[in-house]
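**Q** Let me give you the structure first, and then I'll get to my questions.
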Amino acid sequence: MSSNKSTETQTRTALSPTRRPGQERVAALLEAAAAVIADKGYDATTMAEVAARAGAQIGSLYRFFPNKDVLANALVERFHVRAAETFDAIDKETENRSVAEFANALLNVLGELRPDSRAIVALLEGTAELSAHRLELRRNLRKRIAQSLIHRCPGLRKTQADDVAAVLLQAMKSVRALTQEEGNGVRPAALNELRLMVQCYLAKTFADAGCPR
């Protein structure tokens, strides 16, 4: 019986309204959910708290999101969309940027997505089931970074771009961590050193692949 209940939970999905008022209500509910989850963690968050943060009736929340798992998955999907938009903007300006500027744009991605990324990390650390989504998110981020690298330097082999993307993702996370710690005694110079290190790394990688600019 519990197996059937689990299967039913997994197959339920969020309601996607087609009219503007419904879309705005869903957006407000997701913002509230992101804020509560970022503050309290996924496991401690309740649907009632999310509804209260959004100033909505609990029935309205359940109408769009049948349970907390569905709400969490909707936040993950929204993060995917926003991350893709950020990378698209980077790719659009690639030809107008130096290698150093391109490196900085990549390093700033998680910072620009910070309000979402705090909630994403919190909710994906909450349960073993959701950890699979976190692995998928990490894979998708590496894949998107690799695409931007190849867009910037077509001479890169795909396997090499994948390896460089894995390194850059770690650097991006380090930038976020250093930025968050600046108020606790970390000197801005440390962040600048990390940025310079990544710039030099990409400059050499691109030069070796025939894309020196």
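Residue numbering restarts at 1 in every chain; chains get A, B, ... in the order shown in the structure tokens, and ligands count up from 1 in that same order.
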Would you kindly return, as a list in words, each protein, DNA or RNA residue with an atom no farther than 9 Å from any atom of Val36 in chain A, considering only C-alpha atoms and excluding same-chain residues fewer than 3 positions away?
**A**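 What passes the distance filter is Glu31, Ala32, Ala33, Asp39, Lys40, Gly41, Tyr42, Thr45, Thr46, Glu49, Val50, Arg53 and Ala119 of chain A.
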**Q** If you run DSSP over the backbone, which residues in range 4-137 of chain A end up helix (DSSP H, G or I)? Put them as a PDB file with N, CA and C atoms, in the first residue's frame.
**A**
```
ATOM      1  N   ASN A   4       2.195   1.984  -3.423  1.00  0.00           N
ATOM      2  CA  ASN A   4       1.245   2.641  -4.310  1.00  0.00           C
ATOM      3  C   ASN A   4       1.155   4.123  -3.991  1.00  0.00           C
ATOM      4  N   LYS A   5       1.195   4.444  -2.691  1.00  0.00           N
ATOM      5  CA  LYS A   5       1.119   5.852  -2.299  1.00  0.00           C
ATOM      6  C   LYS A   5       2.336   6.606  -2.781  1.00  0.00           C
ATOM      7  N   SER A   6       3.524   5.953  -2.694  1.00  0.00           N
ATOM      8  CA  SER A   6       4.749   6.595  -3.158  1.00  0.00           C
ATOM      9  C   SER A   6       4.701   6.849  -4.650  1.00  0.00           C
ATOM     10  N   THR A   7       4.198   5.859  -5.400  1.00  0.00           N
ATOM     11  CA  THR A   7       4.101   6.011  -6.853  1.00  0.00           C
ATOM     12  C   THR A   7       3.157   7.136  -7.218  1.00  0.00           C
ATOM     13  N   GLU A   8       2.037   7.218  -6.470  1.00  0.00           N
ATOM     14  CA  GLU A   8       1.069   8.284  -6.746  1.00  0.00           C
ATOM     15  C   GLU A   8       1.685   9.648  -6.493  1.00  0.00           C
ATOM     16  N   THR A   9       2.481   9.758  -5.411  1.00  0.00           N
ATOM     17  CA  THR A   9       3.125  11.030  -5.095  1.00  0.00           C
ATOM     18  C   THR A   9       4.073  11.452  -6.194  1.00  0.00           C
ATOM     19  N   GLN A  10       4.834  10.487  -6.731  1.00  0.00           N
ATOM     20  CA  GLN A  10       5.811  10.793  -7.752  1.00  0.00           C
ATOM     21  C   GLN A  10       5.168  11.225  -9.061  1.00  0.00           C
ATOM     22  N   THR A  11       3.953  10.716  -9.336  1.00  0.00           N
ATOM     23  CA  THR A  11       3.330  11.016 -10.621  1.00  0.00           C
ATOM     24  C   THR A  11       2.514  12.311 -10.589  1.00  0.00           C
ATOM     25  N   ARG A  20      -2.821  34.972 -16.827  1.00  0.00           N
ATOM     26  CA  ARG A  20      -1.829  35.781 -16.112  1.00  0.00           C
ATOM     27  C   ARG A  20      -2.036  35.796 -14.596  1.00  0.00           C
ATOM     28  N   PRO A  21      -3.268  35.972 -14.090  1.00  0.00           N
ATOM     29  CA  PRO A  21      -3.442  35.992 -12.626  1.00  0.00           C
ATOM     30  C   PRO A  21      -2.965  34.698 -11.976  1.00  0.00           C
ATOM     31  N   GLY A  22      -3.267  33.566 -12.612  1.00  0.00           N
ATOM     32  CA  GLY A  22      -2.822  32.287 -12.072  1.00  0.00           C
ATOM     33  C   GLY A  22      -1.311  32.149 -12.122  1.00  0.00           C
ATOM     34  N   GLN A  23      -0.703  32.620 -13.208  1.00  0.00           N
ATOM     35  CA  GLN A  23       0.756  32.560 -13.338  1.00  0.00           C
ATOM     36  C   GLN A  23       1.438  33.412 -12.277  1.00  0.00           C
ATOM     37  N   GLU A  24       0.860  34.598 -12.014  1.00  0.00           N
ATOM     38  CA  GLU A  24       1.427  35.473 -10.994  1.00  0.00           C
ATOM     39  C   GLU A  24       1.280  34.856  -9.608  1.00  0.00           C
ATOM     40  N   ARG A  25       0.175  34.152  -9.373  1.00  0.00           N
ATOM     41  CA  ARG A  25      -0.022  33.509  -8.081  1.00  0.00           C
ATOM     42  C   ARG A  25       0.988  32.387  -7.881  1.00  0.00           C
ATOM     43  N   VAL A  26       1.224  31.617  -8.929  1.00  0.00           N
ATOM     44  CA  VAL A  26       2.209  30.537  -8.846  1.00  0.00           C
ATOM     45  C   VAL A  26       3.601  31.107  -8.592  1.00  0.00           C
ATOM     46  N   ALA A  27       3.946  32.193  -9.281  1.00  0.00           N
ATOM     47  CA  ALA A  27       5.249  32.814  -9.094  1.00  0.00           C
ATOM     48  C   ALA A  27       5.428  33.282  -7.652  1.00  0.00           C
ATOM     49  N   ALA A  28       4.368  33.867  -7.073  1.00  0.00           N
ATOM     50  CA  ALA A  28       4.435  34.333  -5.689  1.00  0.00           C
ATOM     51  C   ALA A  28       4.594  33.167  -4.721  1.00  0.00           C
ATOM     52  N   LEU A  29       3.920  32.070  -5.001  1.00  0.00           N
ATOM     53  CA  LEU A  29       4.033  30.883  -4.151  1.00  0.00           C
ATOM     54  C   LEU A  29       5.433  30.283  -4.224  1.00  0.00           C
ATOM     55  N   LEU A  30       6.028  30.284  -5.413  1.00  0.00           N
ATOM     56  CA  LEU A  30       7.386  29.754  -5.562  1.00  0.00           C
ATOM     57  C   LEU A  30       8.403  30.650  -4.856  1.00  0.00           C
ATOM     58  N   GLU A  31       8.217  31.968  -4.939  1.00  0.00           N
ATOM     59  CA  GLU A  31       9.112  32.884  -4.239  1.00  0.00           C
ATOM     60  C   GLU A  31       9.027  32.646  -2.735  1.00  0.00           C
ATOM     61  N   ALA A  32       7.807  32.463  -2.235  1.00  0.00           N
ATOM     62  CA  ALA A  32       7.622  32.213  -0.809  1.00  0.00           C
ATOM     63  C   ALA A  32       8.260  30.885  -0.415  1.00  0.00           C
ATOM     64  N   ALA A  33       8.078  29.876  -1.239  1.00  0.00           N
ATOM     65  CA  ALA A  33       8.667  28.565  -0.945  1.00  0.00           C
ATOM     66  C   ALA A  33      10.185  28.637  -0.921  1.00  0.00           C
ATOM     67  N   ALA A  34      10.771  29.357  -1.874  1.00  0.00           N
ATOM     68  CA  ALA A  34      12.224  29.500  -1.919  1.00  0.00           C
ATOM     69  C   ALA A  34      12.731  30.195  -0.655  1.00  0.00           C
ATOM     70  N   ALA A  35      12.023  31.206  -0.204  1.00  0.00           N
ATOM     71  CA  ALA A  35      12.444  31.951   0.982  1.00  0.00           C
ATOM     72  C   ALA A  35      12.369  31.089   2.237  1.00  0.00           C
ATOM     73  N   VAL A  36      11.274  30.363   2.400  1.00  0.00           N
ATOM     74  CA  VAL A  36      11.104  29.530   3.599  1.00  0.00           C
ATOM     75  C   VAL A  36      12.113  28.388   3.606  1.00  0.00           C
ATOM     76  N   ILE A  37      12.285  27.726   2.467  1.00  0.00           N
ATOM     77  CA  ILE A  37      13.225  26.604   2.392  1.00  0.00           C
ATOM     78  C   ILE A  37      14.652  27.074   2.622  1.00  0.00           C
ATOM     79  N   ALA A  38      15.011  28.234   2.076  1.00  0.00           N
ATOM     80  CA  ALA A  38      16.353  28.778   2.282  1.00  0.00           C
ATOM     81  C   ALA A  38      16.596  29.066   3.762  1.00  0.00           C
ATOM     82  N   ASP A  39      15.562  29.525   4.469  1.00  0.00           N
ATOM     83  CA  ASP A  39      15.699  29.874   5.895  1.00  0.00           C
ATOM     84  C   ASP A  39      15.684  28.648   6.803  1.00  0.00           C
ATOM     85  N   LYS A  40      14.793  27.690   6.507  1.00  0.00           N
ATOM     86  CA  LYS A  40      14.553  26.600   7.458  1.00  0.00           C
ATOM     87  C   LYS A  40      15.036  25.231   6.996  1.00  0.00           C
ATOM     88  N   MET A  47       3.902  23.215   4.289  1.00  0.00           N
ATOM     89  CA  MET A  47       3.086  23.892   3.282  1.00  0.00           C
ATOM     90  C   MET A  47       2.354  25.082   3.901  1.00  0.00           C
ATOM     91  N   ALA A  48       1.968  24.949   5.169  1.00  0.00           N
ATOM     92  CA  ALA A  48       1.272  26.052   5.841  1.00  0.00           C
ATOM     93  C   ALA A  48       2.169  27.281   5.937  1.00  0.00           C
ATOM     94  N   GLU A  49       3.465  27.078   6.219  1.00  0.00           N
ATOM     95  CA  GLU A  49       4.397  28.205   6.315  1.00  0.00           C
ATOM     96  C   GLU A  49       4.591  28.871   4.965  1.00  0.00           C
ATOM     97  N   VAL A  50       4.643  28.072   3.917  1.00  0.00           N
ATOM     98  CA  VAL A  50       4.797  28.628   2.573  1.00  0.00           C
ATOM     99  C   VAL A  50       3.581  29.489   2.223  1.00  0.00           C
ATOM    100  N   ALA A  51       2.389  28.956   2.498  1.00  0.00           N
ATOM    101  CA  ALA A  51       1.166  29.711   2.211  1.00  0.00           C
ATOM    102  C   ALA A  51       1.143  31.014   3.005  1.00  0.00           C
ATOM    103  N   ALA A  52       1.536  30.940   4.279  1.00  0.00           N
ATOM    104  CA  ALA A  52       1.531  32.139   5.121  1.00  0.00           C
ATOM    105  C   ALA A  52       2.527  33.167   4.600  1.00  0.00           C
ATOM    106  N   ARG A  53       3.725  32.722   4.192  1.00  0.00           N
ATOM    107  CA  ARG A  53       4.742  33.652   3.663  1.00  0.00           C
ATOM    108  C   ARG A  53       4.225  34.336   2.392  1.00  0.00           C
ATOM    109  N   ALA A  54       3.452  33.604   1.580  1.00  0.00           N
ATOM    110  CA  ALA A  54       2.920  34.160   0.333  1.00  0.00           C
ATOM    111  C   ALA A  54       1.657  34.979   0.559  1.00  0.00           C
ATOM    112  N   ILE A  58      -4.162  28.219   2.302  1.00  0.00           N
ATOM    113  CA  ILE A  58      -3.508  26.928   2.138  1.00  0.00           C
ATOM    114  C   ILE A  58      -4.128  26.132   0.992  1.00  0.00           C
ATOM    115  N   GLY A  59      -5.428  26.313   0.786  1.00  0.00           N
ATOM    116  CA  GLY A  59      -6.101  25.607  -0.304  1.00  0.00           C
ATOM    117  C   GLY A  59      -5.588  26.055  -1.662  1.00  0.00           C
ATOM    118  N   SER A  60      -5.235  27.340  -1.769  1.00  0.00           N
ATOM    119  CA  SER A  60      -4.698  27.853  -3.021  1.00  0.00           C
ATOM    120  C   SER A  60      -3.347  27.228  -3.319  1.00  0.00           C
ATOM    121  N   LEU A  61      -2.517  27.049  -2.285  1.00  0.00           N
ATOM    122  CA  LEU A  61      -1.207  26.413  -2.476  1.00  0.00           C
ATOM    123  C   LEU A  61      -1.373  24.976  -2.933  1.00  0.00           C
ATOM    124  N   TYR A  62      -2.263  24.227  -2.275  1.00  0.00           N
ATOM    125  CA  TYR A  62      -2.468  22.823  -2.645  1.00  0.00           C
ATOM    126  C   TYR A  62      -3.102  22.683  -4.025  1.00  0.00           C
ATOM    127  N   ARG A  63      -3.830  23.707  -4.442  1.00  0.00           N
ATOM    128  CA  ARG A  63      -4.445  23.656  -5.773  1.00  0.00           C
ATOM    129  C   ARG A  63      -3.374  23.606  -6.860  1.00  0.00           C
ATOM    130  N   PHE A  64      -2.306  24.382  -6.671  1.00  0.00           N
ATOM    131  CA  PHE A  64      -1.247  24.434  -7.671  1.00  0.00           C
ATOM    132  C   PHE A  64      -0.160  23.387  -7.418  1.00  0.00           C
ATOM    133  N   LYS A  68       4.468  18.744  -0.979  1.00  0.00           N
ATOM    134  CA  LYS A  68       5.742  19.457  -0.862  1.00  0.00           C
ATOM    135  C   LYS A  68       6.765  18.964  -1.890  1.00  0.00           C
ATOM    136  N   ASP A  69       6.736  17.683  -2.229  1.00  0.00           N
ATOM    137  CA  ASP A  69       7.656  17.163  -3.238  1.00  0.00           C
ATOM    138  C   ASP A  69       7.421  17.838  -4.584  1.00  0.00           C
ATOM    139  N   VAL A  70       6.161  18.005  -4.950  1.00  0.00           N
ATOM    140  CA  VAL A  70       5.824  18.664  -6.212  1.00  0.00           C
ATOM    141  C   VAL A  70       6.300  20.118  -6.183  1.00  0.00           C
ATOM    142  N   LEU A  71       6.133  20.770  -5.057  1.00  0.00           N
ATOM    143  CA  LEU A  71       6.582  22.154  -4.905  1.00  0.00           C
ATOM    144  C   LEU A  71       8.107  22.239  -5.055  1.00  0.00           C
ATOM    145  N   ALA A  72       8.813  21.292  -4.431  1.00  0.00           N
ATOM    146  CA  ALA A  72      10.275  21.275  -4.526  1.00  0.00           C
ATOM    147  C   ALA A  72      10.729  21.058  -5.957  1.00  0.00           C
ATOM    148  N   ASN A  73      10.099  20.130  -6.651  1.00  0.00           N
ATOM    149  CA  ASN A  73      10.475  19.865  -8.045  1.00  0.00           C
ATOM    150  C   ASN A  73      10.229  21.081  -8.930  1.00  0.00           C
ATOM    151  N   ALA A  74       9.178  21.840  -8.625  1.00  0.00           N
ATOM    152  CA  ALA A  74       8.898  23.054  -9.388  1.00  0.00           C
ATOM    153  C   ALA A  74       9.997  24.086  -9.183  1.00  0.00           C
ATOM    154  N   LEU A  75      10.539  24.163  -7.967  1.00  0.00           N
ATOM    155  CA  LEU A  75      11.643  25.081  -7.707  1.00  0.00           C
ATOM    156  C   LEU A  75      12.898  24.667  -8.465  1.00  0.00           C
ATOM    157  N   VAL A  76      13.151  23.360  -8.517  1.00  0.00           N
ATOM    158  CA  VAL A  76      14.299  22.864  -9.280  1.00  0.00           C
ATOM    159  C   VAL A  76      14.150  23.209 -10.752  1.00  0.00           C
ATOM    160  N   GLU A  77      12.947  23.008 -11.278  1.00  0.00           N
ATOM    161  CA  GLU A  77      12.703  23.306 -12.690  1.00  0.00           C
ATOM    162  C   GLU A  77      12.871  24.796 -12.962  1.00  0.00           C
ATOM    163  N   ARG A  78      12.396  25.637 -12.049  1.00  0.00           N
ATOM    164  CA  ARG A  78      12.551  27.078 -12.229  1.00  0.00           C
ATOM    165  C   ARG A  78      14.029  27.465 -12.224  1.00  0.00           C
ATOM    166  N   PHE A  79      14.816  26.816 -11.373  1.00  0.00           N
ATOM    167  CA  PHE A  79      16.245  27.089 -11.331  1.00  0.00           C
ATOM    168  C   PHE A  79      16.903  26.721 -12.650  1.00  0.00           C
ATOM    169  N   HIS A  80      16.494  25.573 -13.222  1.00  0.00           N
ATOM    170  CA  HIS A  80      17.028  25.167 -14.522  1.00  0.00           C
ATOM    171  C   HIS A  80      16.755  26.252 -15.570  1.00  0.00           C
ATOM    172  N   VAL A  81      15.541  26.762 -15.592  1.00  0.00           N
ATOM    173  CA  VAL A  81      15.152  27.773 -16.581  1.00  0.00           C
ATOM    174  C   VAL A  81      15.962  29.048 -16.391  1.00  0.00           C
ATOM    175  N   ARG A  82      16.086  29.515 -15.157  1.00  0.00           N
ATOM    176  CA  ARG A  82      16.812  30.756 -14.895  1.00  0.00           C
ATOM    177  C   ARG A  82      18.304  30.597 -15.180  1.00  0.00           C
ATOM    178  N   ALA A  83      18.846  29.430 -14.870  1.00  0.00           N
ATOM    179  CA  ALA A  83      20.263  29.191 -15.166  1.00  0.00           C
ATOM    180  C   ALA A  83      20.495  29.203 -16.669  1.00  0.00           C
ATOM    181  N   ALA A  84      19.584  28.578 -17.423  1.00  0.00           N
ATOM    182  CA  ALA A  84      19.706  28.551 -18.880  1.00  0.00           C
ATOM    183  C   ALA A  84      19.664  29.968 -19.451  1.00  0.00           C
ATOM    184  N   GLU A  85      18.787  30.812 -18.914  1.00  0.00           N
ATOM    185  CA  GLU A  85      18.696  32.197 -19.384  1.00  0.00           C
ATOM    186  C   GLU A  85      19.994  32.957 -19.108  1.00  0.00           C
ATOM    187  N   THR A  86      20.606  32.684 -17.960  1.00  0.00           N
ATOM    188  CA  THR A  86      21.861  33.346 -17.608  1.00  0.00           C
ATOM    189  C   THR A  86      22.973  32.936 -18.555  1.00  0.00           C
ATOM    190  N   PHE A  87      23.063  31.645 -18.850  1.00  0.00           N
ATOM    191  CA  PHE A  87      24.090  31.167 -19.780  1.00  0.00           C
ATOM    192  C   PHE A  87      23.834  31.669 -21.201  1.00  0.00           C
ATOM    193  N   ASP A  88      22.568  31.751 -21.591  1.00  0.00           N
ATOM    194  CA  ASP A  88      22.242  32.286 -22.925  1.00  0.00           C
ATOM    195  C   ASP A  88      22.724  33.724 -23.057  1.00  0.00           C
ATOM    196  N   ALA A  89      22.565  34.497 -21.990  1.00  0.00           N
ATOM    197  CA  ALA A  89      23.021  35.890 -22.012  1.00  0.00           C
ATOM    198  C   ALA A  89      24.543  35.961 -22.140  1.00  0.00           C
ATOM    199  N   ILE A  90      25.246  35.044 -21.481  1.00  0.00           N
ATOM    200  CA  ILE A  90      26.704  34.991 -21.595  1.00  0.00           C
ATOM    201  C   ILE A  90      27.108  34.662 -23.029  1.00  0.00           C
ATOM    202  N   ASP A  91      26.456  33.655 -23.605  1.00  0.00           N
ATOM    203  CA  ASP A  91      26.787  33.246 -24.976  1.00  0.00           C
ATOM    204  C   ASP A  91      26.523  34.367 -25.977  1.00  0.00           C
ATOM    205  N   LYS A  92      25.482  35.139 -25.724  1.00  0.00           N
ATOM    206  CA  LYS A  92      25.122  36.213 -26.649  1.00  0.00           C
ATOM    207  C   LYS A  92      26.202  37.279 -26.716  1.00  0.00           C
ATOM    208  N   THR A  94      29.475  36.709 -26.047  1.00  0.00           N
ATOM    209  CA  THR A  94      30.789  36.068 -26.089  1.00  0.00           C
ATOM    210  C   THR A  94      31.769  36.785 -26.997  1.00  0.00           C
ATOM    211  N   GLU A  95      31.332  37.149 -28.200  1.00  0.00           N
ATOM    212  CA  GLU A  95      32.240  37.743 -29.173  1.00  0.00           C
ATOM    213  C   GLU A  95      32.726  39.127 -28.748  1.00  0.00           C
ATOM    214  N   ASN A  96      32.012  39.769 -27.834  1.00  0.00           N
ATOM    215  CA  ASN A  96      32.385  41.109 -27.394  1.00  0.00           C
ATOM    216  C   ASN A  96      33.228  41.102 -26.123  1.00  0.00           C
ATOM    217  N   VAL A  99      38.889  37.005 -22.914  1.00  0.00           N
ATOM    218  CA  VAL A  99      38.886  35.768 -22.144  1.00  0.00           C
ATOM    219  C   VAL A  99      38.661  36.070 -20.670  1.00  0.00           C
ATOM    220  N   ALA A 100      39.296  37.129 -20.164  1.00  0.00           N
ATOM    221  CA  ALA A 100      39.140  37.495 -18.752  1.00  0.00           C
ATOM    222  C   ALA A 100      37.685  37.867 -18.442  1.00  0.00           C
ATOM    223  N   GLU A 101      37.061  38.616 -19.331  1.00  0.00           N
ATOM    224  CA  GLU A 101      35.662  39.013 -19.119  1.00  0.00           C
ATOM    225  C   GLU A 101      34.742  37.803 -19.193  1.00  0.00           C
ATOM    226  N   PHE A 102      35.040  36.898 -20.115  1.00  0.00           N
ATOM    227  CA  PHE A 102      34.247  35.674 -20.238  1.00  0.00           C
ATOM    228  C   PHE A 102      34.379  34.832 -18.970  1.00  0.00           C
ATOM    229  N   ALA A 103      35.602  34.710 -18.460  1.00  0.00           N
ATOM    230  CA  ALA A 103      35.834  33.946 -17.231  1.00  0.00           C
ATOM    231  C   ALA A 103      35.050  34.532 -16.067  1.00  0.00           C
ATOM    232  N   ASN A 104      35.075  35.861 -15.939  1.00  0.00           N
ATOM    233  CA  ASN A 104      34.349  36.513 -14.851  1.00  0.00           C
ATOM    234  C   ASN A 104      32.840  36.318 -14.978  1.00  0.00           C
ATOM    235  N   ALA A 105      32.340  36.342 -16.207  1.00  0.00           N
ATOM    236  CA  ALA A 105      30.909  36.142 -16.417  1.00  0.00           C
ATOM    237  C   ALA A 105      30.485  34.757 -15.942  1.00  0.00           C
ATOM    238  N   LEU A 106      31.307  33.735 -16.245  1.00  0.00           N
ATOM    239  CA  LEU A 106      30.991  32.386 -15.781  1.00  0.00           C
ATOM    240  C   LEU A 106      31.056  32.294 -14.265  1.00  0.00           C
ATOM    241  N   LEU A 107      32.088  32.902 -13.686  1.00  0.00           N
ATOM    242  CA  LEU A 107      32.252  32.835 -12.237  1.00  0.00           C
ATOM    243  C   LEU A 107      31.114  33.530 -11.494  1.00  0.00           C
ATOM    244  N   VAL A 109      27.938  33.421 -12.341  1.00  0.00           N
ATOM    245  CA  VAL A 109      26.639  32.793 -12.586  1.00  0.00           C
ATOM    246  C   VAL A 109      25.924  32.445 -11.286  1.00  0.00           C
ATOM    247  N   LEU A 110      26.586  31.716 -10.395  1.00  0.00           N
ATOM    248  CA  LEU A 110      25.911  31.308  -9.167  1.00  0.00           C
ATOM    249  C   LEU A 110      25.599  32.506  -8.279  1.00  0.00           C
ATOM    250  N   GLY A 111      26.427  33.546  -8.362  1.00  0.00           N
ATOM    251  CA  GLY A 111      26.142  34.748  -7.603  1.00  0.00           C
ATOM    252  C   GLY A 111      24.865  35.413  -8.088  1.00  0.00           C
ATOM    253  N   GLU A 112      24.689  35.451  -9.403  1.00  0.00           N
ATOM    254  CA  GLU A 112      23.488  36.065  -9.972  1.00  0.00           C
ATOM    255  C   GLU A 112      22.244  35.245  -9.651  1.00  0.00           C
ATOM    256  N   ARG A 114      21.929  33.563  -6.836  1.00  0.00           N
ATOM    257  CA  ARG A 114      22.067  33.270  -5.412  1.00  0.00           C
ATOM    258  C   ARG A 114      20.742  33.117  -4.672  1.00  0.00           C
ATOM    259  N   PRO A 115      19.729  33.988  -4.884  1.00  0.00           N
ATOM    260  CA  PRO A 115      18.474  33.785  -4.150  1.00  0.00           C
ATOM    261  C   PRO A 115      17.874  32.406  -4.415  1.00  0.00           C
ATOM    262  N   ASP A 116      17.936  31.946  -5.662  1.00  0.00           N
ATOM    263  CA  ASP A 116      17.432  30.616  -5.986  1.00  0.00           C
ATOM    264  C   ASP A 116      18.378  29.531  -5.494  1.00  0.00           C
ATOM    265  N   SER A 117      19.685  29.760  -5.641  1.00  0.00           N
ATOM    266  CA  SER A 117      20.641  28.707  -5.327  1.00  0.00           C
ATOM    267  C   SER A 117      20.635  28.358  -3.841  1.00  0.00           C
ATOM    268  N   ARG A 118      20.384  29.334  -2.957  1.00  0.00           N
ATOM    269  CA  ARG A 118      20.301  29.033  -1.525  1.00  0.00           C
ATOM    270  C   ARG A 118      19.175  28.051  -1.245  1.00  0.00           C
ATOM    271  N   ALA A 119      18.027  28.284  -1.867  1.00  0.00           N
ATOM    272  CA  ALA A 119      16.888  27.387  -1.661  1.00  0.00           C
ATOM    273  C   ALA A 119      17.147  26.029  -2.295  1.00  0.00           C
ATOM    274  N   ILE A 120      17.754  26.039  -3.484  1.00  0.00           N
ATOM    275  CA  ILE A 120      18.025  24.790  -4.182  1.00  0.00           C
ATOM    276  C   ILE A 120      18.931  23.898  -3.349  1.00  0.00           C
ATOM    277  N   VAL A 121      20.013  24.461  -2.838  1.00  0.00           N
ATOM    278  CA  VAL A 121      20.937  23.674  -2.021  1.00  0.00           C
ATOM    279  C   VAL A 121      20.223  23.137  -0.785  1.00  0.00           C
ATOM    280  N   ALA A 122      19.419  23.973  -0.137  1.00  0.00           N
ATOM    281  CA  ALA A 122      18.725  23.552   1.076  1.00  0.00           C
ATOM    282  C   ALA A 122      17.739  22.430   0.814  1.00  0.00           C
ATOM    283  N   LEU A 123      16.950  22.563  -0.237  1.00  0.00           N
ATOM    284  CA  LEU A 123      15.927  21.540  -0.461  1.00  0.00           C
ATOM    285  C   LEU A 123      16.512  20.246  -1.014  1.00  0.00           C
ATOM    286  N   LEU A 124      17.575  20.345  -1.803  1.00  0.00           N
ATOM    287  CA  LEU A 124      18.160  19.137  -2.361  1.00  0.00           C
ATOM    288  C   LEU A 124      19.029  18.397  -1.352  1.00  0.00           C
ATOM    289  N   ALA A 128      16.967  11.871   0.703  1.00  0.00           N
ATOM    290  CA  ALA A 128      17.723  11.008  -0.210  1.00  0.00           C
ATOM    291  C   ALA A 128      17.094  11.001  -1.588  1.00  0.00           C
ATOM    292  N   GLU A 129      15.761  11.052  -1.637  1.00  0.00           N
ATOM    293  CA  GLU A 129      15.081  11.027  -2.930  1.00  0.00           C
ATOM    294  C   GLU A 129      15.455  12.248  -3.762  1.00  0.00           C
ATOM    295  N   LEU A 130      15.498  13.407  -3.124  1.00  0.00           N
ATOM    296  CA  LEU A 130      15.815  14.623  -3.848  1.00  0.00           C
ATOM    297  C   LEU A 130      17.287  14.741  -4.195  1.00  0.00           C
ATOM    298  N   SER A 131      18.150  13.948  -3.548  1.00  0.00           N
ATOM    299  CA  SER A 131      19.570  14.028  -3.868  1.00  0.00           C
ATOM    300  C   SER A 131      19.819  13.648  -5.317  1.00  0.00           C
ATOM    301  N   ALA A 132      18.955  12.808  -5.883  1.00  0.00           N
ATOM    302  CA  ALA A 132      19.076  12.452  -7.303  1.00  0.00           C
ATOM    303  C   ALA A 132      18.877  13.684  -8.171  1.00  0.00           C
ATOM    304  N   HIS A 133      17.967  14.567  -7.756  1.00  0.00           N
ATOM    305  CA  HIS A 133      17.754  15.806  -8.500  1.00  0.00           C
ATOM    306  C   HIS A 133      18.977  16.702  -8.403  1.00  0.00           C
ATOM    307  N   ARG A 134      19.641  16.669  -7.248  1.00  0.00           N
ATOM    308  CA  ARG A 134      20.842  17.478  -7.095  1.00  0.00           C
ATOM    309  C   ARG A 134      21.937  16.993  -8.042  1.00  0.00           C
ATOM    310  N   LEU A 135      22.093  15.683  -8.172  1.00  0.00           N
ATOM    311  CA  LEU A 135      23.085  15.138  -9.095  1.00  0.00           C
ATOM    312  C   LEU A 135      22.751  15.540 -10.531  1.00  0.00           C
ATOM    313  N   GLU A 136      21.461  15.487 -10.857  1.00  0.00           N
ATOM    314  CA  GLU A 136      21.032  15.883 -12.199  1.00  0.00           C
ATOM    315  C   GLU A 136      21.311  17.361 -12.430  1.00  0.00           C
ATOM    316  N   LEU A 137      21.065  18.180 -11.409  1.00  0.00           N
ATOM    317  CA  LEU A 137      21.310  19.613 -11.515  1.00  0.00           C
ATOM    318  C   LEU A 137      22.792  19.878 -11.753  1.00  0.00           C
TER     319      LEU A 137
END
```
**Q** What does the distance from CA of Ala146 in chain A to CA of Ala171 in chain A come to in Å, to one decimal?
**A** 14.1 Å
**Q** Find the spatial neighbours of Leu168 in chain A, counting only C-alpha atoms, within a cut-off of 9 Å - ignore same-chain residues fewer than 3 positions away - and output them as a list in words.
**A**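 These residues fall inside the cut-off: Leu106, Leu107, Arg142, Ile145, Asp163, Val164, Ala165, Ala171, Met172, Lys173 and Val198 of chain A.
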**Q** Could you please determine the separation between CA of Ser174 in chain A and CA of Leu149 in chain A in Å, to one decimal place?
**A**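 CA of Ser174 in chain A sits 19.2 Å away from CA of Leu149 in chain A.
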**Q** For Gly155 in chain A, find every residue with an atom within 12 Å (counting only C-alpha atoms), except residues of its own chain fewer than 5 positions away, and show them as number ranges by chain.
**A** A: 149-150, 160-161, 205-212
**Q** So that I have them on file, write out the residues from the current selection with C-alpha atoms, as a compact mmCIF listing (two decimals), in the first residue's frame.
**A**
```txt
# COMPACT_ATOMS: atom_id res chain seq x y z
CA LEU A 149 33.07 27.01 -23.50
CA ILE A 150 32.71 25.44 -26.94
CA GLN A 160 38.16 18.60 -22.82
CA ALA A 161 35.28 21.06 -22.49
CA THR A 205 43.24 26.45 -22.41
CA PHE A 206 41.80 28.58 -25.21
CA ALA A 207 45.23 29.43 -26.61
CA ASP A 208 46.16 25.73 -26.75
CA ALA A 209 42.89 25.07 -28.61
CA GLY A 210 43.58 27.83 -31.17
CA CYS A 211 41.32 30.48 -29.63
CA PRO A 212 43.75 32.98 -28.08
```
**Q** Any idea what the distance is between CA of Ala190 in chain A and CA of Arg152 in chain A?
**A**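 So the answer is 26.9 Å.
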